[in-house]
Amino acid sequence: MPALEVVDVGKSFGGLPALHAVSFGVPSGEIVCLLGPSGCGKTTLLRIIAGLDTPDKGQVLWEGQDIGQVPPYQRGFGLMFQDFALFPHKNVFDNVAFGLRMRREPPGSIRAQEVAERVSEALAMVGLRGFEDRRVYELSGGEAQRVALARSLAPRPRLLMLDEPLGSLDRAMRERLMAELRGILTQVGVTTLYVTHDQAEAFAVADRAVIMNAGRMEQIGPPEGIYRRPATGFVAHFLGMTNLAEGSVRAVGEVDSAWGRLTADTGAMPPGTPVRVLIRSEAADLLAGDRPPHMASIRGRLVSRSFRGGRYQVQVQPQAGPSLTFELTSVAPFAVQPGDEVTLVLDPAGVVVLPADG
């Protein structure tokens, strides 16, 4: 049985639907990310699970029990916001201890010694042992983020919810903290819901991701599975995959597309089935020598190239079909120039067949 279950949850504001029959489960100890663009309903769903909003329909279950009538402070859930909400007039110890001291429990149930032990434990979890007396204004952005996380972990929540926790940090710090955050959450073993619009962040932190669009679930699964086989055109576009075109199944393992005949996994689709063909940006390489017999190729004109450090982003206008964008790795300077004719070979594993109506 999942620890958390969301069952057919729907919600509208002013007659406009924000959530449409959303259902999924989260096993104990799993990190699940709600991922989607702004306005897709992910924060509304988080607020409903936290008890800060009520659904118009559906249920939220914890260990099989409907918690719809349980007030937020009795759910035993922790919530961490993007702005961290640290108190500037309190030191690190008092910020982390705040939730423990505010819990609505019988007087004396959380003694001062236990508060100190819980604070020390939480700060150790996030790598900030010895920071108890630091003032909030003395902390870096990454340290403030970890103090906020420690405050959320100190009460030992049954479920930890994080709403864009890295959104206010610069890119370099965000990259560093992604791995740290996953390591902390995995070590603690707390069941976690993580909200973000950033796919790299979601994929780095989550065990599974729920892709949301206009209040609906588009796809759920492990990050690698979603990336390798997006279920719909929306998921592909949201993940930055722009090489999409209409096509049809020609035969087992072959599709006809606007770019010509391509090799791809067609599954059980019969010949003639309308599909959408996706070519992932890393599926191509510049042809050097003879084309491998098992790989399709595309010939076209190099429109642009952009140096991105360890790779080049190139745009190619094929002889047929819409333009294509690829990410090419290169340890040597890129020899071809815009305007040159190029031939690209395609790895069949990078050609994905999607439903035509997805």
# chains A, B, ... in the order shown; residues from 1 in each chain; ligands from 1

$ residues_around --residues "segment 240-255 of chain A" --least-positions-apart "5" --cutoff "7 Å" --atoms "only C-alpha atoms" --output "PyMOL selection string"
chain A and resi 261-266+270-281+324-325

$ write_last_selection --atoms "N, CA and C atoms" --output "PDB file, in the first residue's frame"
ATOM      1  N   ARG A 261      12.397   8.093 -44.422  1.00  0.00           N
ATOM      2  CA  ARG A 261      12.214   6.822 -43.721  1.00  0.00           C
ATOM      3  C   ARG A 261      13.268   6.694 -42.616  1.00  0.00           C
ATOM      4  N   LEU A 262      12.796   6.343 -41.388  1.00  0.00           N
ATOM      5  CA  LEU A 262      13.685   6.235 -40.237  1.00  0.00           C
ATOM      6  C   LEU A 262      13.490   4.896 -39.545  1.00  0.00           C
ATOM      7  N   THR A 263      14.539   4.423 -38.911  1.00  0.00           N
ATOM      8  CA  THR A 263      14.476   3.210 -38.099  1.00  0.00           C
ATOM      9  C   THR A 263      14.095   3.585 -36.678  1.00  0.00           C
ATOM     10  N   ALA A 264      13.093   2.888 -36.127  1.00  0.00           N
ATOM     11  CA  ALA A 264      12.623   3.204 -34.774  1.00  0.00           C
ATOM     12  C   ALA A 264      11.861   2.013 -34.217  1.00  0.00           C
ATOM     13  N   ASP A 265      11.727   1.989 -32.905  1.00  0.00           N
ATOM     14  CA  ASP A 265      10.921   0.955 -32.243  1.00  0.00           C
ATOM     15  C   ASP A 265       9.447   1.313 -32.407  1.00  0.00           C
ATOM     16  N   THR A 266       8.715   0.537 -33.212  1.00  0.00           N
ATOM     17  CA  THR A 266       7.301   0.818 -33.468  1.00  0.00           C
ATOM     18  C   THR A 266       6.371   0.005 -32.571  1.00  0.00           C
ATOM     19  N   PRO A 270       0.479  -1.346 -35.992  1.00  0.00           N
ATOM     20  CA  PRO A 270       0.449  -1.932 -37.338  1.00  0.00           C
ATOM     21  C   PRO A 270       0.846  -0.914 -38.397  1.00  0.00           C
ATOM     22  N   PRO A 271       1.270  -1.383 -39.579  1.00  0.00           N
ATOM     23  CA  PRO A 271       1.602  -0.467 -40.672  1.00  0.00           C
ATOM     24  C   PRO A 271       0.429   0.452 -40.994  1.00  0.00           C
ATOM     25  N   GLY A 272       0.744   1.704 -41.290  1.00  0.00           N
ATOM     26  CA  GLY A 272      -0.273   2.690 -41.611  1.00  0.00           C
ATOM     27  C   GLY A 272      -0.756   3.503 -40.431  1.00  0.00           C
ATOM     28  N   THR A 273      -0.340   3.134 -39.210  1.00  0.00           N
ATOM     29  CA  THR A 273      -0.778   3.872 -38.019  1.00  0.00           C
ATOM     30  C   THR A 273      -0.198   5.281 -38.017  1.00  0.00           C
ATOM     31  N   PRO A 274      -1.042   6.330 -37.916  1.00  0.00           N
ATOM     32  CA  PRO A 274      -0.508   7.700 -37.812  1.00  0.00           C
ATOM     33  C   PRO A 274       0.230   7.883 -36.487  1.00  0.00           C
ATOM     34  N   VAL A 275       1.372   8.531 -36.529  1.00  0.00           N
ATOM     35  CA  VAL A 275       2.185   8.731 -35.332  1.00  0.00           C
ATOM     36  C   VAL A 275       2.821  10.109 -35.389  1.00  0.00           C
ATOM     37  N   ARG A 276       3.463  10.480 -34.292  1.00  0.00           N
ATOM     38  CA  ARG A 276       4.372  11.625 -34.276  1.00  0.00           C
ATOM     39  C   ARG A 276       5.770  11.074 -34.038  1.00  0.00           C
ATOM     40  N   VAL A 277       6.716  11.552 -34.808  1.00  0.00           N
ATOM     41  CA  VAL A 277       8.090  11.053 -34.745  1.00  0.00           C
ATOM     42  C   VAL A 277       8.958  12.095 -34.037  1.00  0.00           C
ATOM     43  N   LEU A 278       9.668  11.641 -33.008  1.00  0.00           N
ATOM     44  CA  LEU A 278      10.572  12.490 -32.234  1.00  0.00           C
ATOM     45  C   LEU A 278      12.002  12.019 -32.462  1.00  0.00           C
ATOM     46  N   ILE A 279      12.887  12.946 -32.801  1.00  0.00           N
ATOM     47  CA  ILE A 279      14.321  12.655 -32.861  1.00  0.00           C
ATOM     48  C   ILE A 279      14.982  13.424 -31.720  1.00  0.00           C
ATOM     49  N   ARG A 280      15.514  12.691 -30.737  1.00  0.00           N
ATOM     50  CA  ARG A 280      16.116  13.356 -29.588  1.00  0.00           C
ATOM     51  C   ARG A 280      17.367  14.113 -30.018  1.00  0.00           C
ATOM     52  N   SER A 281      17.671  15.179 -29.302  1.00  0.00           N
ATOM     53  CA  SER A 281      18.740  16.092 -29.723  1.00  0.00           C
ATOM     54  C   SER A 281      20.121  15.453 -29.673  1.00  0.00           C
ATOM     55  N   LEU A 324      16.018  20.850 -37.795  1.00  0.00           N
ATOM     56  CA  LEU A 324      16.346  19.980 -36.670  1.00  0.00           C
ATOM     57  C   LEU A 324      17.428  20.630 -35.819  1.00  0.00           C
ATOM     58  N   THR A 325      17.331  20.432 -34.500  1.00  0.00           N
ATOM     59  CA  THR A 325      18.337  20.941 -33.566  1.00  0.00           C
ATOM     60  C   THR A 325      18.982  19.764 -32.860  1.00  0.00           C
TER      61      THR A 325
END

$ residues_around --residues "Ala296 of chain A" --least-positions-apart "6" --cutoff "12 Å" --atoms "only C-alpha atoms" --output "JSON, numbers by chain"
{"A": [254, 255, 256, 259, 260, 261, 262, 263, 264, 279, 283, 284, 285, 287, 290, 343, 344, 345, 346, 347, 348, 349, 350, 351]}

$ residues_around --residues "Met173 of chain A" --least-positions-apart "6" --cutoff "10 Å" --atoms "only C-alpha atoms" --output "MDAnalysis selection string"
chainID A and resid 141:142 166

$ write_last_selection --atoms "N, CA and C atoms" --output "PDB file, in the first residue's frame"
ATOM      1  N   GLY A 141      23.390  31.572   0.461  1.00  0.00           N
ATOM      2  CA  GLY A 141      22.107  31.067  -0.043  1.00  0.00           C
ATOM      3  C   GLY A 141      21.967  29.576   0.151  1.00  0.00           C
ATOM      4  N   GLY A 142      23.042  28.829  -0.096  1.00  0.00           N
ATOM      5  CA  GLY A 142      22.985  27.383   0.088  1.00  0.00           C
ATOM      6  C   GLY A 142      22.822  26.990   1.539  1.00  0.00           C
ATOM      7  N   LEU A 166      14.792  25.237  -4.630  1.00  0.00           N
ATOM      8  CA  LEU A 166      16.046  25.795  -5.148  1.00  0.00           C
ATOM      9  C   LEU A 166      15.808  26.956  -6.101  1.00  0.00           C
TER      10      LEU A 166
END

$ residues_around --residues "Ala124 of chain A" --least-positions-apart "2" --cutoff "12 Å" --atoms "only C-alpha atoms" --output "NGL selection string"
:A and (96 or 117-122 or 126-132 or 146-147 or 149-151 or 153-154 or 184 or 187-188)

$ select_by_dssp --residues "segment 108-244 of chain A" --states "alpha helix (DSSP H)" --output "JSON, numbers by chain"
{"A": [112, 113, 114, 115, 116, 117, 118, 119, 120, 121, 122, 123, 124, 125, 141, 142, 143, 144, 145, 146, 147, 148, 149, 150, 151, 152, 153, 171, 172, 173, 174, 175, 176, 177, 178, 179, 180, 181, 182, 183, 184, 185, 186, 187, 188, 199, 200, 201, 202, 203, 204, 205, 223, 224, 225, 226, 227, 228, 233, 234, 235, 236, 237, 238]}

$ atom_distance --atom1 "atom CA of Glu180 of chain A" --atom2 "atom CA of Ala97 of chain A"
22.3 Å

$ residues_around --residues "Gly64 of chain A" --least-positions-apart "4" --cutoff "12 Å" --atoms "only C-alpha atoms" --output "PyMOL selection string"
chain A and resi 1-7+25-27+59-60

$ write_last_selection --atoms "N, CA and C atoms" --output "PDB file, in the first residue's frame"
ATOM      1  N   MET A   1       0.843  -1.199   0.000  1.00  0.00           N
ATOM      2  CA  MET A   1       0.000   0.000   0.000  1.00  0.00           C
ATOM      3  C   MET A   1       0.881   1.254   0.000  1.00  0.00           C
ATOM      4  N   PRO A   2       0.621   2.215  -0.894  1.00  0.00           N
ATOM      5  CA  PRO A   2       1.387   3.463  -0.866  1.00  0.00           C
ATOM      6  C   PRO A   2       1.166   4.213   0.446  1.00  0.00           C
ATOM      7  N   ALA A   3       2.176   4.957   0.889  1.00  0.00           N
ATOM      8  CA  ALA A   3       2.003   5.797   2.077  1.00  0.00           C
ATOM      9  C   ALA A   3       1.009   6.909   1.773  1.00  0.00           C
ATOM     10  N   LEU A   4       1.204   7.574   0.626  1.00  0.00           N
ATOM     11  CA  LEU A   4       0.320   8.661   0.203  1.00  0.00           C
ATOM     12  C   LEU A   4      -0.412   8.239  -1.058  1.00  0.00           C
ATOM     13  N   GLU A   5      -1.725   8.469  -1.081  1.00  0.00           N
ATOM     14  CA  GLU A   5      -2.511   8.230  -2.285  1.00  0.00           C
ATOM     15  C   GLU A   5      -3.354   9.460  -2.601  1.00  0.00           C
ATOM     16  N   VAL A   6      -3.270   9.904  -3.834  1.00  0.00           N
ATOM     17  CA  VAL A   6      -4.120  10.968  -4.356  1.00  0.00           C
ATOM     18  C   VAL A   6      -5.098  10.295  -5.311  1.00  0.00           C
ATOM     19  N   VAL A   7      -6.388  10.419  -5.030  1.00  0.00           N
ATOM     20  CA  VAL A   7      -7.395   9.645  -5.762  1.00  0.00           C
ATOM     21  C   VAL A   7      -8.392  10.587  -6.429  1.00  0.00           C
ATOM     22  N   GLY A  25       0.110   7.389  -6.473  1.00  0.00           N
ATOM     23  CA  GLY A  25       0.503   6.969  -5.139  1.00  0.00           C
ATOM     24  C   GLY A  25       1.992   7.149  -4.929  1.00  0.00           C
ATOM     25  N   VAL A  26       2.387   7.316  -3.668  1.00  0.00           N
ATOM     26  CA  VAL A  26       3.799   7.484  -3.313  1.00  0.00           C
ATOM     27  C   VAL A  26       4.140   6.471  -2.225  1.00  0.00           C
ATOM     28  N   PRO A  27       4.948   5.444  -2.534  1.00  0.00           N
ATOM     29  CA  PRO A  27       5.366   4.499  -1.496  1.00  0.00           C
ATOM     30  C   PRO A  27       6.216   5.165  -0.426  1.00  0.00           C
ATOM     31  N   GLN A  59     -10.064  12.303  -3.145  1.00  0.00           N
ATOM     32  CA  GLN A  59      -9.570  12.049  -1.800  1.00  0.00           C
ATOM     33  C   GLN A  59      -8.052  12.113  -1.741  1.00  0.00           C
ATOM     34  N   VAL A  60      -7.562  12.460  -0.544  1.00  0.00           N
ATOM     35  CA  VAL A  60      -6.148  12.309  -0.214  1.00  0.00           C
ATOM     36  C   VAL A  60      -6.081  11.308   0.933  1.00  0.00           C
TER      37      VAL A  60
END

$ residues_around --residues "Gly321 of chain A" --least-positions-apart "3" --cutoff "8 Å" --atoms "only C-alpha atoms" --output "ChimeraX atom specification"
/A:258-259,317-318

$ closest_residue --among "A:Leu34, A:Leu139, A:Met217, A:Ala172" --to "Asp8 of chain A" --atoms "only C-alpha atoms"
A:Met217

$ closest_residue --among "A:Phe238, A:Phe87, A:Tyr73, A:Phe24" --to "Pro157 of chain A" --atoms "only C-alpha atoms"
A:Tyr73

$ closest_residue --among "A:Leu16, A:Leu123, A:Ile211, A:Leu286" --to "Ala236 of chain A" --atoms "only C-alpha atoms"
A:Ile211

$ closest_residue --among "A:Pro230, A:Pro165, A:Gln69, A:Arg158" --to "Ala144 of chain A" --atoms "only C-alpha atoms"
A:Pro165
